[in-house]
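For reference, the structure discussed in these notes is given below.
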Amino acid sequence: MNIIHNMADVHKQSVTKQRREREAAERRTSILDAARRVFWIDGYEGTTMPRIAAAAQHAPGTLYLYFPSKQALYAELLAEGYGILERRLAQSAQAQLPPERQAAALIDAFFAFAREFPEYFDVIFFVLQREGSDREGSLELEQARRLKSAEDRCKAIAGQVLRRAAGASVRKADLSVEATWAMLAGVIFFFRTMPDFEAVADQAKRLVLSAIVGGTRDSAPSRGSP
């Protein structure tokens, strides 16, 4: 009889633990969802933890159970953005395509990320570059390192693809990544609100691919070509 009662107690404790973990995960998700909305509307400086708590419909103290500071919450969102970009780039790198077409797919993935997640793109490529880690109110050193590591993983994927396409050394591929990263980000920043953005983006892709492969072959057609 005691064995049955003990088994029932264990089962009850397990169910209770699972429920608490599920509820904690749901609260964490709701906090991140609210923070995303508030940060994107009010910006980093205009956002406060009480404002996020109100948007999430939680007591302000609840936020601190999951994130110790506004900086930590902001860094979590940016890590989320880098994660999306990393997955998109990795998918293009794993595509069963010739190297030059794989490079074209990588550039398309970069542009697609900017179109689908403009807020993440702006912060990752412009705000973080403009704000030093020692600036008051900016990310703490450990958080900045975490995001730099995420950026490095994205660039490592790009470097592998570009190195295969160019038949280049690691050093040359690294320089190509930096140049490509900056050029494509600049195209998006200056032209994305213009009606002919897609044409400009397509031309930028062709120029980058031509520079990478070092020839004039049109072996990497524009998006939508057969």
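A note on labels: chains of the structure tokens are A, B, ... as shown, every chain counts residues from 1, and ligands are counted from 1 in their shown order.
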Mind listing the alpha helix (DSSP H) residues of range 13-138 of chain A, per DSSP on the backbone, as a ChimeraX atom specification? /A:13-46,49-56,60-66,70-94,99-116,118-122,128-130
Expected file contents, prior selection, C-alpha atoms, as an mmCIF file, in the first residue's frame:
```
data_model
loop_
_atom_site.group_PDB
_atom_site.id
_atom_site.type_symbol
_atom_site.label_atom_id
_atom_site.label_comp_id
_atom_site.auth_asym_id
_atom_site.auth_seq_id
_atom_site.Cartn_x
_atom_site.Cartn_y
_atom_site.Cartn_z
ATOM 1 C CA GLN A 13 5.498 15.708 -8.026
ATOM 2 C CA SER A 14 6.594 14.992 -11.592
ATOM 3 C CA VAL A 15 3.380 16.434 -13.026
ATOM 4 C CA THR A 16 3.689 19.498 -10.798
ATOM 5 C CA LYS A 17 7.319 20.029 -11.845
ATOM 6 C CA GLN A 18 6.423 19.726 -15.532
ATOM 7 C CA ARG A 19 3.575 22.194 -15.112
ATOM 8 C CA ARG A 20 5.823 24.709 -13.356
ATOM 9 C CA GLU A 21 8.494 24.373 -16.023
ATOM 10 C CA ARG A 22 5.878 24.853 -18.752
ATOM 11 C CA GLU A 23 4.449 27.919 -17.018
ATOM 12 C CA ALA A 24 7.947 29.359 -16.522
ATOM 13 C CA ALA A 25 8.742 28.846 -20.208
ATOM 14 C CA GLU A 26 5.468 30.516 -21.180
ATOM 15 C CA ARG A 27 6.208 33.500 -18.923
ATOM 16 C CA ARG A 28 9.698 33.819 -20.359
ATOM 17 C CA THR A 29 8.314 33.750 -23.900
ATOM 18 C CA SER A 30 5.682 36.361 -23.058
ATOM 19 C CA ILE A 31 8.381 38.617 -21.602
ATOM 20 C CA LEU A 32 10.520 38.291 -24.721
ATOM 21 C CA ASP A 33 7.524 38.948 -26.974
ATOM 22 C CA ALA A 34 6.632 42.079 -25.009
ATOM 23 C CA ALA A 35 10.254 43.266 -24.913
ATOM 24 C CA ARG A 36 10.535 42.832 -28.661
ATOM 25 C CA ARG A 37 7.497 45.049 -29.231
ATOM 26 C CA VAL A 38 8.613 47.732 -26.780
ATOM 27 C CA PHE A 39 12.254 47.857 -27.880
ATOM 28 C CA TRP A 40 11.309 48.088 -31.552
ATOM 29 C CA ILE A 41 8.870 50.958 -30.880
ATOM 30 C CA ASP A 42 10.643 52.919 -28.133
ATOM 31 C CA GLY A 43 14.266 52.073 -28.862
ATOM 32 C CA TYR A 44 16.815 50.986 -26.299
ATOM 33 C CA GLU A 45 17.034 54.273 -24.415
ATOM 34 C CA GLY A 46 13.256 54.725 -24.276
ATOM 35 C CA MET A 49 11.677 47.183 -17.414
ATOM 36 C CA PRO A 50 8.340 48.475 -15.955
ATOM 37 C CA ARG A 51 7.215 49.318 -19.495
ATOM 38 C CA ILE A 52 8.037 45.783 -20.651
ATOM 39 C CA ALA A 53 6.339 44.305 -17.590
ATOM 40 C CA ALA A 54 3.153 46.252 -18.365
ATOM 41 C CA ALA A 55 3.223 45.095 -21.996
ATOM 42 C CA ALA A 56 3.692 41.486 -20.840
ATOM 43 C CA PRO A 60 7.869 44.248 -12.716
ATOM 44 C CA GLY A 61 9.537 41.921 -10.231
ATOM 45 C CA THR A 62 8.636 38.917 -12.377
ATOM 46 C CA LEU A 63 10.923 40.133 -15.160
ATOM 47 C CA TYR A 64 13.934 40.063 -12.851
ATOM 48 C CA LEU A 65 13.330 36.388 -12.113
ATOM 49 C CA TYR A 66 14.197 35.684 -15.761
ATOM 50 C CA LYS A 70 17.363 45.551 -19.380
ATOM 51 C CA GLN A 71 20.738 44.944 -21.014
ATOM 52 C CA ALA A 72 20.425 41.193 -20.478
ATOM 53 C CA LEU A 73 16.946 41.160 -21.983
ATOM 54 C CA TYR A 74 18.105 43.227 -24.948
ATOM 55 C CA ALA A 75 21.078 40.916 -25.493
ATOM 56 C CA GLU A 76 18.753 37.901 -25.431
ATOM 57 C CA LEU A 77 16.684 39.417 -28.239
ATOM 58 C CA LEU A 78 19.757 40.195 -30.304
ATOM 59 C CA ALA A 79 21.071 36.664 -29.789
ATOM 60 C CA GLU A 80 17.689 35.504 -31.072
ATOM 61 C CA GLY A 81 18.179 37.653 -34.177
ATOM 62 C CA TYR A 82 21.664 36.308 -34.777
ATOM 63 C CA GLY A 83 20.266 32.797 -34.370
ATOM 64 C CA ILE A 84 17.770 33.392 -37.168
ATOM 65 C CA LEU A 85 20.479 34.790 -39.445
ATOM 66 C CA GLU A 86 22.829 31.927 -38.623
ATOM 67 C CA ARG A 87 20.176 29.331 -39.489
ATOM 68 C CA ARG A 88 19.363 31.074 -42.764
ATOM 69 C CA LEU A 89 23.014 31.242 -43.776
ATOM 70 C CA ALA A 90 23.610 27.638 -42.712
ATOM 71 C CA GLN A 91 20.693 26.447 -44.833
ATOM 72 C CA SER A 92 22.147 28.165 -47.893
ATOM 73 C CA ALA A 93 25.585 26.705 -47.146
ATOM 74 C CA GLN A 94 24.145 23.183 -46.904
ATOM 75 C CA PRO A 99 29.928 26.664 -55.157
ATOM 76 C CA GLU A 100 29.028 29.805 -57.123
ATOM 77 C CA ARG A 101 25.295 29.137 -56.860
ATOM 78 C CA GLN A 102 25.753 28.404 -53.179
ATOM 79 C CA ALA A 103 27.374 31.833 -52.795
ATOM 80 C CA ALA A 104 24.399 33.378 -54.592
ATOM 81 C CA ALA A 105 22.036 31.560 -52.226
ATOM 82 C CA LEU A 106 24.027 32.898 -49.277
ATOM 83 C CA ILE A 107 23.592 36.489 -50.490
ATOM 84 C CA ASP A 108 19.892 35.890 -51.091
ATOM 85 C CA ALA A 109 19.582 34.603 -47.517
ATOM 86 C CA PHE A 110 21.269 37.774 -46.241
ATOM 87 C CA PHE A 111 18.840 39.997 -48.150
ATOM 88 C CA ALA A 112 15.855 37.871 -47.108
ATOM 89 C CA PHE A 113 16.802 38.234 -43.440
ATOM 90 C CA ALA A 114 16.905 42.028 -43.818
ATOM 91 C CA ARG A 115 13.478 42.069 -45.487
ATOM 92 C CA GLU A 116 11.768 39.721 -43.037
ATOM 93 C CA PRO A 118 14.256 44.650 -40.372
ATOM 94 C CA GLU A 119 14.383 45.486 -36.665
ATOM 95 C CA TYR A 120 16.887 42.742 -35.928
ATOM 96 C CA PHE A 121 18.892 43.748 -38.977
ATOM 97 C CA ASP A 122 19.046 47.411 -37.973
ATOM 98 C CA LEU A 128 25.667 47.585 -32.265
ATOM 99 C CA GLN A 129 28.378 48.909 -34.566
ATOM 100 C CA ARG A 130 27.661 52.471 -33.468
#
```
List the neighbours of Ala156 in chain A out to 12 Å using only C-alpha atoms; skip same-chain residues closer than 3 positions along the sequence, and give me the result as a ChimeraX atom specification. /A:86,89-90,93,149-153,159-163,170-171,173-178,181
What's the separation between CA of Gln143 in chain A and CA of His58 in chain A, in Å to one decimal place?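 Between CA of Gln143 in chain A and CA of His58 in chain A the gap works out to 24.7 Å.
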Applying 7 Å and only C-alpha atoms, which residues near range 197-209 of chain A remain after dropping the ones on its own chain fewer than 4 positions away? List them as number ranges by chain. A: 107, 180, 187, 191-192, 213, 222
For the selection you just gave me, I'd like the residues written to a file as an mmCIF file, in the first residue's frame, keeping C-alpha atoms.
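And here's out.cif as it stands now:
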```cif
data_model
loop_
_atom_site.group_PDB
_atom_site.id
_atom_site.type_symbol
_atom_site.label_atom_id
_atom_site.label_comp_id
_atom_site.auth_asym_id
_atom_site.auth_seq_id
_atom_site.Cartn_x
_atom_site.Cartn_y
_atom_site.Cartn_z
ATOM 1 C CA ILE A 107 23.592 36.489 -50.490
ATOM 2 C CA THR A 180 30.737 41.484 -48.688
ATOM 3 C CA VAL A 187 22.925 48.434 -50.011
ATOM 4 C CA PHE A 191 18.155 51.512 -50.836
ATOM 5 C CA ARG A 192 15.635 49.263 -49.041
ATOM 6 C CA VAL A 213 34.818 34.184 -58.603
ATOM 7 C CA SER A 222 19.400 36.266 -60.032
#
```
